[in-house]
$ cat query-v7.cif   # mmCIF, C-alpha atoms and all ligand atoms
data_run
loop_
_atom_site.label_atom_id
_atom_site.label_comp_id
_atom_site.auth_asym_id
_atom_site.auth_seq_id
_atom_site.Cartn_x
_atom_site.Cartn_y
_atom_site.Cartn_z
CA MET A 1 -23.16 -16.68 -4.34
CA THR A 2 -22.29 -19.21 -7.07
CA GLU A 3 -19.93 -22.16 -6.51
CA ASP A 4 -17.21 -20.31 -8.43
CA GLU A 5 -17.67 -17.17 -6.33
CA LYS A 6 -17.54 -19.20 -3.12
CA TYR A 7 -14.15 -20.69 -3.98
CA MET A 8 -12.83 -17.37 -5.30
CA GLN A 9 -13.84 -15.80 -1.98
CA ALA A 10 -11.80 -18.50 -0.22
CA ALA A 11 -8.83 -17.67 -2.48
CA LEU A 12 -9.24 -13.97 -1.66
CA GLU A 13 -9.17 -14.66 2.09
CA LEU A 14 -5.96 -16.65 1.61
CA ALA A 15 -4.39 -13.88 -0.48
CA LYS A 16 -4.95 -11.34 2.31
CA LYS A 17 -2.63 -13.31 4.60
CA GLY A 18 0.26 -12.01 2.50
CA MET A 19 -0.66 -8.39 3.27
CA GLY A 20 2.41 -6.32 4.18
CA PHE A 21 4.83 -9.17 3.49
CA VAL A 22 4.81 -9.32 -0.33
CA ASN A 23 5.29 -5.67 -1.44
CA PRO A 24 5.91 -4.64 -4.16
CA ASN A 25 4.51 -7.90 -5.51
CA PRO A 26 0.79 -8.73 -5.45
CA MET A 27 -1.14 -10.61 -2.80
CA VAL A 28 -2.36 -13.79 -4.49
CA GLY A 29 -4.39 -16.75 -3.23
CA ALA A 30 -5.24 -20.07 -4.94
CA VAL A 31 -7.62 -22.92 -4.12
CA ILE A 32 -7.76 -26.29 -5.92
CA VAL A 33 -11.13 -28.05 -6.00
CA LYS A 34 -11.98 -31.59 -7.07
CA ASP A 35 -15.38 -33.30 -6.81
CA GLY A 36 -16.70 -30.44 -4.67
CA ARG A 37 -13.83 -30.62 -2.13
CA ILE A 38 -10.85 -28.36 -1.58
CA ILE A 39 -7.79 -30.58 -2.10
CA GLY A 40 -5.11 -27.89 -2.00
CA GLN A 41 -4.58 -24.21 -1.26
CA GLY A 42 -1.83 -21.65 -1.05
CA PHE A 43 -0.97 -17.97 -1.05
CA HIS A 44 1.97 -15.74 -1.82
CA GLU A 45 3.57 -15.50 1.62
CA ARG A 46 6.58 -13.24 1.21
CA TYR A 47 8.34 -11.16 -1.43
CA GLY A 48 10.46 -13.35 -3.69
CA GLY A 49 8.88 -16.57 -2.40
CA PRO A 50 6.92 -19.15 -4.40
CA HIS A 51 3.73 -17.98 -6.08
CA ALA A 52 0.29 -18.91 -4.77
CA GLU A 53 -0.40 -21.34 -7.63
CA ARG A 54 2.72 -23.43 -6.96
CA LYS A 55 2.07 -23.37 -3.21
CA ALA A 56 -1.46 -24.67 -3.82
CA LEU A 57 -0.28 -27.42 -6.19
CA ALA A 58 2.42 -28.52 -3.74
CA SER A 59 -0.15 -28.74 -0.93
CA CYS A 60 -2.52 -31.11 -2.78
CA ARG A 61 -3.55 -34.10 -0.72
CA GLU A 62 -4.41 -36.05 -3.88
CA SER A 63 -3.66 -35.75 -7.61
CA PRO A 64 -4.86 -32.41 -9.01
CA GLU A 65 -5.54 -34.08 -12.36
CA GLY A 66 -8.96 -33.02 -13.62
CA ALA A 67 -9.37 -30.46 -10.81
CA VAL A 68 -10.28 -26.75 -10.97
CA MET A 69 -7.92 -24.01 -9.78
CA TYR A 70 -9.35 -20.74 -8.43
CA VAL A 71 -6.75 -18.00 -8.38
CA THR A 72 -7.24 -14.30 -7.59
CA LEU A 73 -4.76 -13.12 -10.27
CA GLU A 74 -3.97 -14.44 -13.73
CA PRO A 75 -1.14 -17.03 -13.46
CA CYS A 76 2.24 -15.83 -14.68
CA CYS A 77 3.98 -17.15 -17.78
CA HIS A 78 7.39 -15.51 -17.35
CA TYR A 79 10.66 -16.53 -15.77
CA GLY A 80 11.11 -14.13 -12.82
CA LYS A 81 12.35 -15.07 -9.38
CA THR A 82 10.46 -18.32 -9.94
CA PRO A 83 9.62 -20.31 -13.12
CA PRO A 84 6.22 -19.68 -14.79
CA CYS A 85 3.16 -20.92 -12.90
CA THR A 86 1.49 -21.79 -16.21
CA GLU A 87 4.10 -24.55 -16.65
CA ALA A 88 3.29 -26.09 -13.29
CA ILE A 89 -0.46 -25.87 -13.99
CA LEU A 90 -0.13 -27.53 -17.40
CA GLU A 91 2.03 -30.32 -15.94
CA SER A 92 -0.43 -30.95 -13.11
CA GLY A 93 -3.34 -31.89 -15.37
CA ILE A 94 -5.62 -29.15 -13.92
CA ARG A 95 -8.68 -29.12 -16.19
CA ARG A 96 -10.02 -25.62 -15.57
CA VAL A 97 -8.60 -22.35 -14.25
CA VAL A 98 -10.84 -19.59 -12.88
CA ALA A 99 -8.89 -16.32 -12.54
CA GLY A 100 -10.20 -13.28 -10.65
CA CYS A 101 -8.52 -10.62 -12.78
CA GLU A 102 -5.92 -10.11 -15.45
CA ASP A 103 -2.33 -9.44 -14.36
CA PRO A 104 -1.40 -5.81 -15.25
CA ASN A 105 2.28 -6.77 -15.35
CA PRO A 106 3.27 -6.27 -19.04
CA LYS A 107 5.29 -9.49 -18.84
CA VAL A 108 2.02 -11.36 -18.25
CA ALA A 109 -1.05 -9.21 -19.22
CA GLY A 110 -3.25 -11.86 -20.85
CA LYS A 111 -0.38 -14.04 -22.04
CA GLY A 112 -0.71 -16.33 -19.00
CA LEU A 113 -4.33 -17.13 -19.76
CA ARG A 114 -3.59 -17.54 -23.48
CA CYS A 115 -0.82 -19.99 -22.68
CA LEU A 116 -3.19 -22.08 -20.55
CA ARG A 117 -5.89 -22.08 -23.25
CA ASN A 118 -3.34 -23.13 -25.85
CA GLY A 119 -2.38 -25.98 -23.54
CA GLY A 120 -5.97 -27.22 -23.55
CA VAL A 121 -7.05 -25.83 -20.16
CA GLU A 122 -10.53 -24.35 -19.89
CA VAL A 123 -10.09 -20.74 -18.71
CA GLU A 124 -12.53 -18.32 -17.16
CA LEU A 125 -11.70 -14.72 -16.26
CA GLY A 126 -13.49 -12.23 -14.00
CA THR A 127 -15.05 -14.06 -11.05
CA LEU A 128 -15.25 -11.49 -8.20
CA GLU A 129 -13.14 -9.29 -10.44
CA GLU A 130 -13.83 -6.03 -8.59
CA GLU A 131 -12.80 -7.54 -5.24
CA CYS A 132 -9.66 -9.07 -6.76
CA ILE A 133 -8.58 -5.76 -8.31
CA TYR A 134 -9.42 -3.81 -5.14
CA LEU A 135 -7.30 -6.16 -3.02
CA ASN A 136 -4.29 -5.29 -5.16
CA GLU A 137 -5.02 -1.60 -5.81
CA VAL A 138 -1.47 -0.82 -4.73
CA PHE A 139 0.08 -3.35 -7.14
CA PHE A 140 -2.12 -2.23 -10.06
CA HIS A 141 -1.19 1.43 -9.50
CA PHE A 142 2.51 0.72 -8.95
CA ILE A 143 2.83 -1.37 -12.13
CA ARG A 144 0.72 0.87 -14.38
CA GLN A 145 1.68 4.37 -13.19
CA GLN A 146 5.23 3.53 -12.11
CA MET A 147 4.61 5.54 -8.94
CA PRO A 148 3.92 4.56 -5.33
CA PHE A 149 0.27 4.45 -4.22
CA VAL A 150 -0.21 7.33 -1.78
CA VAL A 151 -2.77 7.23 1.04
CA MET A 152 -3.23 10.52 2.86
CA LYS A 153 -4.27 9.71 6.42
CA TYR A 154 -5.25 11.95 9.31
CA ALA A 155 -7.37 11.93 12.44
CA MET A 156 -9.51 14.96 13.23
CA THR A 157 -12.25 16.16 15.53
CA MET A 158 -15.78 17.01 14.38
CA ASP A 159 -14.62 20.64 14.04
CA GLY A 160 -11.77 19.64 11.75
CA LYS A 161 -8.80 19.95 14.14
CA ILE A 162 -5.80 17.62 14.23
CA ALA A 163 -4.48 19.08 17.51
CA THR A 164 -5.59 21.48 20.25
CA ARG A 165 -4.44 25.11 20.35
CA THR A 166 -1.40 24.02 22.43
CA GLY A 167 -0.44 21.45 19.75
CA ALA A 168 -1.47 18.40 21.84
CA SER A 169 -2.87 15.55 19.74
CA LYS A 170 -2.69 12.43 21.93
CA TRP A 171 -5.23 11.11 21.44
CA ILE A 172 -7.90 12.23 19.04
CA THR A 173 -9.35 8.82 18.22
CA GLY A 174 -9.90 5.70 20.34
CA GLU A 175 -8.26 2.25 20.43
CA ALA A 176 -10.00 0.69 17.41
CA ALA A 177 -9.07 3.52 15.06
CA ARG A 178 -5.48 3.60 16.29
CA ARG A 179 -5.16 -0.13 15.81
CA ARG A 180 -6.30 0.27 12.20
CA VAL A 181 -3.57 2.86 11.61
CA HIS A 182 -0.96 0.41 12.88
CA GLU A 183 -2.32 -2.30 10.57
CA ASP A 184 -1.90 0.12 7.69
CA ARG A 185 1.67 0.92 8.72
CA HIS A 186 2.25 -2.82 8.31
CA ARG A 187 0.33 -3.01 5.05
CA TYR A 188 2.01 -0.12 3.22
CA ALA A 189 5.70 -0.13 2.39
CA SER A 190 6.43 3.27 3.91
CA VAL A 191 5.10 6.12 6.04
CA MET A 192 5.83 9.72 5.17
CA ALA A 193 5.82 12.82 7.37
CA GLY A 194 7.03 16.39 7.06
CA SER A 195 9.77 18.08 9.08
CA GLY A 196 7.18 20.18 10.94
CA THR A 197 5.41 17.09 12.29
CA VAL A 198 8.68 15.41 13.28
CA THR A 199 9.88 18.55 15.06
CA ALA A 200 6.59 19.22 16.86
CA ASP A 201 5.42 15.69 17.78
CA ASP A 202 8.62 13.59 17.67
CA PRO A 203 6.68 10.54 16.40
CA MET A 204 8.15 7.01 16.05
CA LEU A 205 6.06 6.18 12.93
CA THR A 206 6.47 2.45 13.54
CA CYS A 207 3.98 -0.40 13.60
CA ARG A 208 3.54 -1.56 17.16
CA LEU A 209 1.60 -4.79 16.54
CA PRO A 210 3.28 -8.14 17.27
CA GLY A 211 4.40 -10.19 14.23
CA MET A 212 3.95 -7.31 11.83
CA ARG A 213 6.57 -5.40 9.90
CA ASN A 214 7.66 -1.80 10.05
CA PRO A 215 7.38 0.62 7.16
CA VAL A 216 10.37 2.59 5.91
CA ARG A 217 10.08 6.07 7.45
CA ILE A 218 10.39 8.80 4.84
CA ILE A 219 10.78 12.34 6.15
CA CYS A 220 10.33 15.31 3.81
CA ASP A 221 12.74 17.92 5.11
CA SER A 222 13.61 20.33 2.29
CA ARG A 223 16.07 22.37 4.39
CA LEU A 224 17.34 19.44 6.49
CA ARG A 225 16.55 20.77 9.92
CA ILE A 226 14.82 18.01 11.92
CA PRO A 227 16.51 17.66 15.33
CA LEU A 228 19.31 15.07 15.45
CA ASP A 229 17.83 13.77 18.68
CA SER A 230 14.36 13.16 17.19
CA ARG A 231 13.23 9.56 17.53
CA VAL A 232 13.14 8.86 13.77
CA VAL A 233 16.87 9.75 13.70
CA THR A 234 17.96 7.90 16.85
CA THR A 235 16.19 4.59 16.13
CA THR A 236 17.51 3.72 12.66
CA SER A 237 19.05 0.47 13.91
CA GLU A 238 15.48 -0.79 14.42
CA VAL A 239 13.66 0.80 11.47
CA PRO A 240 15.10 2.59 8.41
CA THR A 241 14.68 6.34 8.03
CA TRP A 242 15.12 8.04 4.67
CA ILE A 243 15.25 11.84 4.57
CA ALA A 244 14.27 13.56 1.34
CA THR A 245 15.93 16.95 1.18
CA ALA A 246 16.78 19.70 -1.28
CA SER A 247 19.67 20.85 0.87
CA PRO A 248 22.97 20.43 -1.01
CA ASP A 249 24.96 20.86 2.23
CA GLN A 250 26.91 17.58 2.40
CA GLU A 251 28.39 18.42 5.82
CA ARG A 252 24.85 18.50 7.12
CA TRP A 253 23.96 15.24 5.34
CA LYS A 254 26.84 13.57 7.14
CA ARG A 255 25.37 14.22 10.59
CA TYR A 256 22.18 12.37 9.67
CA GLN A 257 24.02 9.67 7.74
CA GLU A 258 26.24 8.98 10.74
CA ALA A 259 23.05 8.40 12.75
CA GLY A 260 22.05 5.76 10.15
CA CYS A 261 19.63 7.83 8.02
CA ARG A 262 19.66 7.67 4.26
CA ILE A 263 19.61 10.97 2.40
CA LEU A 264 17.54 11.15 -0.79
CA TYR A 265 18.57 14.35 -2.53
CA THR A 266 15.47 15.78 -4.22
CA GLU A 267 15.16 18.97 -6.23
CA SER A 268 12.92 21.67 -4.87
CA GLY A 269 9.71 22.59 -6.67
CA VAL A 270 7.11 25.28 -5.93
CA GLN A 271 7.66 27.66 -2.98
CA GLY A 272 10.90 25.92 -2.01
CA HIS A 273 9.08 22.70 -1.14
CA LEU A 274 10.39 19.36 -2.42
CA ASP A 275 9.36 18.32 -5.91
CA LEU A 276 7.14 15.47 -4.74
CA LYS A 277 6.52 14.10 -8.25
CA LYS A 278 10.27 13.65 -8.69
CA LEU A 279 10.52 12.09 -5.24
CA MET A 280 7.79 9.60 -6.22
CA GLY A 281 9.79 8.60 -9.30
CA ARG A 282 12.81 7.98 -7.10
CA LEU A 283 10.78 5.94 -4.62
CA TYR A 284 9.33 3.85 -7.46
CA ARG A 285 12.89 2.96 -8.48
CA GLU A 286 13.56 2.03 -4.85
CA LYS A 287 10.59 -0.42 -5.10
CA ILE A 288 8.49 1.52 -2.57
CA ASP A 289 5.01 0.58 -3.81
CA SER A 290 2.98 2.50 -1.25
CA ILE A 291 3.10 5.42 1.17
CA LEU A 292 0.94 6.19 4.18
CA LEU A 293 1.17 9.97 4.27
CA GLU A 294 0.81 11.11 7.87
CA GLY A 295 1.08 14.88 7.36
CA GLY A 296 1.06 17.47 8.68
CA GLY A 297 -0.97 20.13 6.99
CA THR A 298 1.78 21.76 4.93
CA LEU A 299 3.00 18.50 3.40
CA ASN A 300 -0.60 17.34 2.87
CA PHE A 301 -1.43 20.41 0.80
CA SER A 302 1.79 20.08 -1.22
CA ALA A 303 0.97 16.43 -1.87
CA LEU A 304 -2.52 17.28 -3.15
CA GLN A 305 -1.12 20.12 -5.22
CA SER A 306 1.50 17.82 -6.78
CA GLY A 307 -1.19 15.35 -7.81
CA ILE A 308 0.37 12.39 -6.02
CA VAL A 309 -2.45 11.46 -3.60
CA ASN A 310 -4.56 8.43 -4.58
CA LYS A 311 -6.66 7.82 -1.52
CA LEU A 312 -7.79 9.70 1.56
CA GLN A 313 -8.34 8.12 4.97
CA VAL A 314 -10.02 10.42 7.46
CA TYR A 315 -10.52 9.22 11.03
CA LEU A 316 -13.30 11.32 12.47
CA ALA A 317 -13.63 11.57 16.26
CA PRO A 318 -16.94 12.76 17.76
CA LYS A 319 -15.41 15.59 19.81
CA ILE A 320 -14.64 19.27 19.41
CA PHE A 321 -11.39 21.14 20.23
CA GLY A 322 -12.19 24.62 18.90
CA GLY A 323 -9.57 27.36 18.74
CA SER A 324 -8.69 29.46 15.72
CA SER A 325 -4.99 28.58 16.05
CA ALA A 326 -5.54 24.80 16.37
CA LYS A 327 -4.07 22.99 13.35
CA THR A 328 -6.19 21.53 10.58
CA PRO A 329 -5.31 18.56 8.32
CA VAL A 330 -4.64 20.43 5.09
CA GLU A 331 -3.05 23.87 5.36
CA GLY A 332 -0.61 25.58 2.99
CA PRO A 333 -2.12 28.38 0.87
CA GLY A 334 -5.31 26.40 0.06
CA VAL A 335 -7.56 27.14 -2.92
CA ALA A 336 -9.23 30.51 -3.57
CA VAL A 337 -12.70 29.51 -4.73
CA PRO A 338 -14.90 26.46 -4.11
CA GLY A 339 -14.68 25.63 -7.82
CA ASP A 340 -10.96 24.94 -7.35
CA ALA A 341 -11.51 22.34 -4.61
CA TYR A 342 -9.85 18.94 -4.84
CA ILE A 343 -12.64 16.51 -5.62
CA LEU A 344 -13.06 13.22 -3.78
CA THR A 345 -15.10 10.32 -5.12
CA ARG A 346 -16.31 6.86 -4.14
CA SER A 347 -16.46 7.82 -0.47
CA ARG A 348 -17.43 5.22 2.10
CA ILE A 349 -17.80 5.38 5.86
CA GLU A 350 -17.16 2.72 8.49
CA PRO A 351 -17.75 2.98 12.26
CA LEU A 352 -14.67 2.11 14.37
CA GLY A 353 -15.57 2.10 18.04
CA GLU A 354 -16.75 5.62 18.88
CA ASP A 355 -15.04 7.00 15.76
CA PHE A 356 -15.57 6.78 12.00
CA LEU A 357 -13.24 6.05 9.13
CA ILE A 358 -14.08 7.80 5.87
CA GLU A 359 -12.20 6.65 2.77
CA SER A 360 -12.31 8.47 -0.57
CA GLU A 361 -10.45 8.45 -3.83
CA VAL A 362 -8.89 11.63 -5.17
CA GLU A 363 -10.00 12.66 -8.64
CA TYR A 364 -7.63 15.05 -10.32
CA GLY A 365 -9.33 17.12 -13.01
C1 LIG B 1 3.78 -12.97 -7.00
N1 LIG B 1 3.08 -13.93 -6.32
O1 LIG B 1 1.57 -15.56 -6.21
C2 LIG B 1 1.87 -14.47 -8.26
C3 LIG B 1 2.58 -13.45 -8.97
O2 LIG B 1 9.20 -11.47 -9.03
P1 LIG B 1 8.55 -12.78 -9.36
O3 LIG B 1 9.33 -13.64 -10.23
O4 LIG B 1 8.06 -13.47 -8.11
O5 LIG B 1 7.26 -12.41 -10.25
C4 LIG B 1 6.37 -11.46 -9.79
C5 LIG B 1 5.25 -11.32 -10.82
O6 LIG B 1 4.56 -12.57 -10.98
C6 LIG B 1 4.19 -10.35 -10.34
O7 LIG B 1 4.49 -9.04 -10.75
C7 LIG B 1 2.95 -10.86 -11.04
O8 LIG B 1 2.91 -10.33 -12.35
C8 LIG B 1 3.16 -12.36 -11.18
N2 LIG B 1 2.32 -13.20 -10.27
N3 LIG B 1 3.51 -12.75 -8.29
O9 LIG B 1 4.63 -12.32 -6.43
C9 LIG B 1 2.15 -14.69 -6.89
N4 LIG B 1 0.95 -15.23 -8.86
ZN ZN B 2 3.45 -17.21 -10.96
#
$ encode --input "query-v7.cif" --output "structure tokens" --more "lines below"
Ligand code: AOF
Ligand code: ZN
Amino acid sequence: MTEDEKYMQAALELAKKGMGFVNPNPMVGAVIVKDGRIIGQGFHERYGGPHAERKALASCRESPEGAVMYVTLEPCCHYGKTPPCTEAILESGIRRVVAGCEDPNPKVAGKGLRCLRNGGVEVELGTLEEECIYLNEVFFHFIRQQMPFVVMKYAMTMDGKIATRTGASKWITGEAARRRVHEDRHRYASVMAGSGTVTADDPMLTCRLPGMRNPVRIICDSRLRIPLDSRVVTTTSEVPTWIATASPDQERWKRYQEAGCRILYTESGVQGHLDLKKLMGRLYREKIDSILLEGGGTLNFSALQSGIVNKLQVYLAPKIFGGSSAKTPVEGPGVAVPGDAYILTRSRIEPLGEDFLIESEVEYG
């Protein structure tokens, strides 16, 4: 690892501390180095708060004049919730800026680096670029595609079941895997489930780790029929619940609204299901940058079919349930021939206690 990579790695570790707190803005970390010593550091801590670069400059124990700044994302040059970071950098006398990747935000997109160069700062782009882009895959997708980043997540046995024949599913995986799911409920802005899952399992869909935040709960319920006494409806004073429905019955809406739920009226698409593409557009406008899609099988197939799934997370438990009526993760009508399969790429596997986590990207043809 080169010197530059070492300090960029430190900036990346700092950036990660903002995970779950900065959505829909990026996680960003910055380290300021002078004479081989770190003299200041900072990260973007919460949405709307000061940017990493300004945090790092403010933390300097000595003058940053002549120092090098390592920052995971190109510094901004626009007036947003805060004044441009490029201004602060130019004022500080920083001699060189090493940026991990370019900012995809059209308000910045290369202009930040150009502004620094024009101000006489030496600029280098692309140190640990892949890692810096990967860290903010949600932000990159959200800004470029103007859609939330959707992660389809499920836990299944070695024989591909997400419940036993009686519908019991607690638990399929062990502690370590379940903890990871809760970390992801903190990381992503929302969780999504279908009416079938809410009716059958009555899940809370919250993040139960101390100091972490809860995702908005989005329930896809085209006909608006989840029970009024289900936990996602009765606990809206703690965590918001939004129900996406194609039901135009306003009397019905009122019952859920009185319980504190928000109704997102969404047109129906194929086979009477919600038009998920349209729903994604609506959620983008609501600044929901990411969704952890927690099924069940009907919604999962609709999501794949609508082309909205970006990533798959499969928790695989080394056990077998069997049973021809036991549910599987992706149901609906399915495809007719192997050639019509949804194709997954860039798969990787990670052991988690007794279980495994397999992550893949979805490649739509
Ligand atoms: C951040 N944190 O550390 C950096 C960002 O809404 P604003 O005014 O805070 O601006 C957000 C934009 O600023 C964001 O989309 C990105 O382009 C740029 N850089 N943003 O939230 C940071 N460095
Ligand atoms: Zn900035």
$ atom_distance --input "query-v7.cif" --atom1 "atom CA of Ile226 of chain A" --atom2 "atom CA of Thr199 of chain A"
5.9 Å
$ residues_around --input "query-v7.cif" --residues "Asp201 of chain A" --least-positions-apart "2" --cutoff "9 Å" --atoms "all atoms listed in the file" --output "PyMOL selection string"
chain A and resi 167-169+196-199+203
$ write_last_selection --input "query-v7.cif" --atoms "C-alpha atoms" --output "PDB file, in the coordinates of the input"
ATOM      1  CA  GLY A 167      -0.440  21.450  19.750  1.00  0.00           C
ATOM      2  CA  ALA A 168      -1.470  18.400  21.840  1.00  0.00           C
ATOM      3  CA  SER A 169      -2.870  15.550  19.740  1.00  0.00           C
ATOM      4  CA  GLY A 196       7.180  20.180  10.940  1.00  0.00           C
ATOM      5  CA  THR A 197       5.410  17.090  12.290  1.00  0.00           C
ATOM      6  CA  VAL A 198       8.680  15.410  13.280  1.00  0.00           C
ATOM      7  CA  THR A 199       9.880  18.550  15.060  1.00  0.00           C
ATOM      8  CA  PRO A 203       6.680  10.540  16.400  1.00  0.00           C
TER       9      PRO A 203
END
$ residues_near_ligand --input "query-v7.cif" --ligand "ligand ZN 2 (chain B)" --cutoff "6 Å" --atoms "all atoms listed in the file" --output "JSON, numbers by chain"
{"A": [51, 75, 76, 84, 85]}
$ residues_around --input "query-v7.cif" --residues "Phe301 of chain A" --least-positions-apart "6" --cutoff "6 Å" --atoms "all atoms listed in the file" --output "PyMOL selection string"
chain A and resi 330-332
$ axis_aligned_box --input "query-v7.cif" --around "ligand LIG 1 (chain B)" --padding-each-side "5 Å" --output "lines of an AutoDock Vina configuration file"
center_x = 5.1
center_y = -12.3
center_z = -9.3
size_x = 18.4
size_y = 16.5
size_z = 16.1
$ residues_near_ligand --input "query-v7.cif" --ligand "ligand LIG 1 (chain B)" --cutoff "10 Å" --atoms "only C-alpha atoms and all ligand atoms" --output "ChimeraX atom specification"
/A:15,18,22-30,42-56,71-86,102-109,112,139-140,143
$ write_last_selection --input "query-v7.cif" --atoms "C-alpha atoms" --output "JSON list (two decimals), in the coordinates of the input"
[["chain", "number", "residue", "atom", "x", "y", "z"],
["A", 15, "ALA", "CA", -4.39, -13.88, -0.48],
["A", 18, "GLY", "CA", 0.26, -12.01, 2.50],
["A", 22, "VAL", "CA", 4.81, -9.32, -0.33],
["A", 23, "ASN", "CA", 5.29, -5.67, -1.44],
["A", 24, "PRO", "CA", 5.91, -4.64, -4.16],
["A", 25, "ASN", "CA", 4.51, -7.90, -5.51],
["A", 26, "PRO", "CA", 0.79, -8.73, -5.45],
["A", 27, "MET", "CA", -1.14, -10.61, -2.80],
["A", 28, "VAL", "CA", -2.36, -13.79, -4.49],
["A", 29, "GLY", "CA", -4.39, -16.75, -3.23],
["A", 30, "ALA", "CA", -5.24, -20.07, -4.94],
["A", 42, "GLY", "CA", -1.83, -21.65, -1.05],
["A", 43, "PHE", "CA", -0.97, -17.97, -1.05],
["A", 44, "HIS", "CA", 1.97, -15.74, -1.82],
["A", 45, "GLU", "CA", 3.57, -15.50, 1.62],
["A", 46, "ARG", "CA", 6.58, -13.24, 1.21],
["A", 47, "TYR", "CA", 8.34, -11.16, -1.43],
["A", 48, "GLY", "CA", 10.46, -13.35, -3.69],
["A", 49, "GLY", "CA", 8.88, -16.57, -2.40],
["A", 50, "PRO", "CA", 6.92, -19.15, -4.40],
["A", 51, "HIS", "CA", 3.73, -17.98, -6.08],
["A", 52, "ALA", "CA", 0.29, -18.91, -4.77],
["A", 53, "GLU", "CA", -0.40, -21.34, -7.63],
["A", 54, "ARG", "CA", 2.72, -23.43, -6.96],
["A", 55, "LYS", "CA", 2.07, -23.37, -3.21],
["A", 56, "ALA", "CA", -1.46, -24.67, -3.82],
["A", 71, "VAL", "CA", -6.75, -18.00, -8.38],
["A", 72, "THR", "CA", -7.24, -14.30, -7.59],
["A", 73, "LEU", "CA", -4.76, -13.12, -10.27],
["A", 74, "GLU", "CA", -3.97, -14.44, -13.73],
["A", 75, "PRO", "CA", -1.14, -17.03, -13.46],
["A", 76, "CYS", "CA", 2.24, -15.83, -14.68],
["A", 77, "CYS", "CA", 3.98, -17.15, -17.78],
["A", 78, "HIS", "CA", 7.39, -15.51, -17.35],
["A", 79, "TYR", "CA", 10.66, -16.53, -15.77],
["A", 80, "GLY", "CA", 11.11, -14.13, -12.82],
["A", 81, "LYS", "CA", 12.35, -15.07, -9.38],
["A", 82, "THR", "CA", 10.46, -18.32, -9.94],
["A", 83, "PRO", "CA", 9.62, -20.31, -13.12],
["A", 84, "PRO", "CA", 6.22, -19.68, -14.79],
["A", 85, "CYS", "CA", 3.16, -20.92, -12.90],
["A", 86, "THR", "CA", 1.49, -21.79, -16.21],
["A", 102, "GLU", "CA", -5.92, -10.11, -15.45],
["A", 103, "ASP", "CA", -2.33, -9.44, -14.36],
["A", 104, "PRO", "CA", -1.40, -5.81, -15.25],
["A", 105, "ASN", "CA", 2.28, -6.77, -15.35],
["A", 106, "PRO", "CA", 3.27, -6.27, -19.04],
["A", 107, "LYS", "CA", 5.29, -9.49, -18.84],
["A", 108, "VAL", "CA", 2.02, -11.36, -18.25],
["A", 109, "ALA", "CA", -1.05, -9.21, -19.22],
["A", 112, "GLY", "CA", -0.71, -16.33, -19.00],
["A", 139, "PHE", "CA", 0.08, -3.35, -7.14],
["A", 140, "PHE", "CA", -2.12, -2.23, -10.06],
["A", 143, "ILE", "CA", 2.83, -1.37, -12.13]]
$ atom_distance --input "query-v7.cif" --atom1 "atom CA of Ile162 of chain A" --atom2 "atom CA of Ala317 of chain A"
10.1 Å
$ residues_around --input "query-v7.cif" --residues "segment 249-261 of chain A" --least-positions-apart "6" --cutoff "9 Å" --atoms "all atoms listed in the file" --output "number ranges by chain"
A: 224, 228, 232-237, 240-243
$ atom_distance --input "query-v7.cif" --atom1 "atom CA of Val97 of chain A" --atom2 "atom CA of Val68 of chain A"
5.7 Å
$ residues_around --input "query-v7.cif" --residues "Asp184 of chain A" --least-positions-apart "6" --cutoff "12 Å" --atoms "all atoms listed in the file" --output "ChimeraX atom specification"
/A:19-20,151-153,177-178,190-191,205-209,212-215,290-294,313
$ residues_near_point --input "query-v7.cif" --point "(-9.9, 17.5, 19.1)" --cutoff "10 Å" --atoms "all atoms listed in the file" --output "JSON, numbers by chain"
{"A": [155, 156, 157, 158, 159, 160, 161, 162, 163, 164, 165, 168, 169, 170, 171, 172, 173, 316, 317, 318, 319, 320, 321, 322, 323, 326, 327]}
$ closest_residue --input "query-v7.cif" --among "A:Ile308, A:Leu276, A:Ala341, A:Met69" --to "Phe149 of chain A" --atoms "all atoms listed in the file"
A:Ile308
$ build_atoms --input "query-v7.cif" --residues "segment 237-243 of chain A" --atoms "N, CA and C atoms" --output "mmCIF file, in the coordinates of the input"
data_model
loop_
_atom_site.group_PDB
_atom_site.id
_atom_site.type_symbol
_atom_site.label_atom_id
_atom_site.label_comp_id
_atom_site.auth_asym_id
_atom_site.auth_seq_id
_atom_site.Cartn_x
_atom_site.Cartn_y
_atom_site.Cartn_z
ATOM 1 N N SER A 237 18.579 1.856 13.852
ATOM 2 C CA SER A 237 19.050 0.470 13.910
ATOM 3 C C SER A 237 17.850 -0.476 13.953
ATOM 4 N N GLU A 238 16.697 0.041 14.367
ATOM 5 C CA GLU A 238 15.480 -0.790 14.420
ATOM 6 C C GLU A 238 14.684 -0.667 13.123
ATOM 7 N N VAL A 239 14.511 0.538 12.638
ATOM 8 C CA VAL A 239 13.660 0.800 11.470
ATOM 9 C C VAL A 239 14.361 1.839 10.581
ATOM 10 N N PRO A 240 14.427 1.608 9.263
ATOM 11 C CA PRO A 240 15.100 2.590 8.410
ATOM 12 C C PRO A 240 14.395 3.942 8.332
ATOM 13 N N THR A 241 15.206 4.994 8.258
ATOM 14 C CA THR A 241 14.680 6.340 8.030
ATOM 15 C C THR A 241 15.381 6.933 6.813
ATOM 16 N N TRP A 242 14.582 7.381 5.854
ATOM 17 C CA TRP A 242 15.120 8.040 4.670
ATOM 18 C C TRP A 242 14.679 9.501 4.752
ATOM 19 N N ILE A 243 15.616 10.423 4.539
ATOM 20 C CA ILE A 243 15.250 11.840 4.570
ATOM 21 C C ILE A 243 15.372 12.411 3.159
#
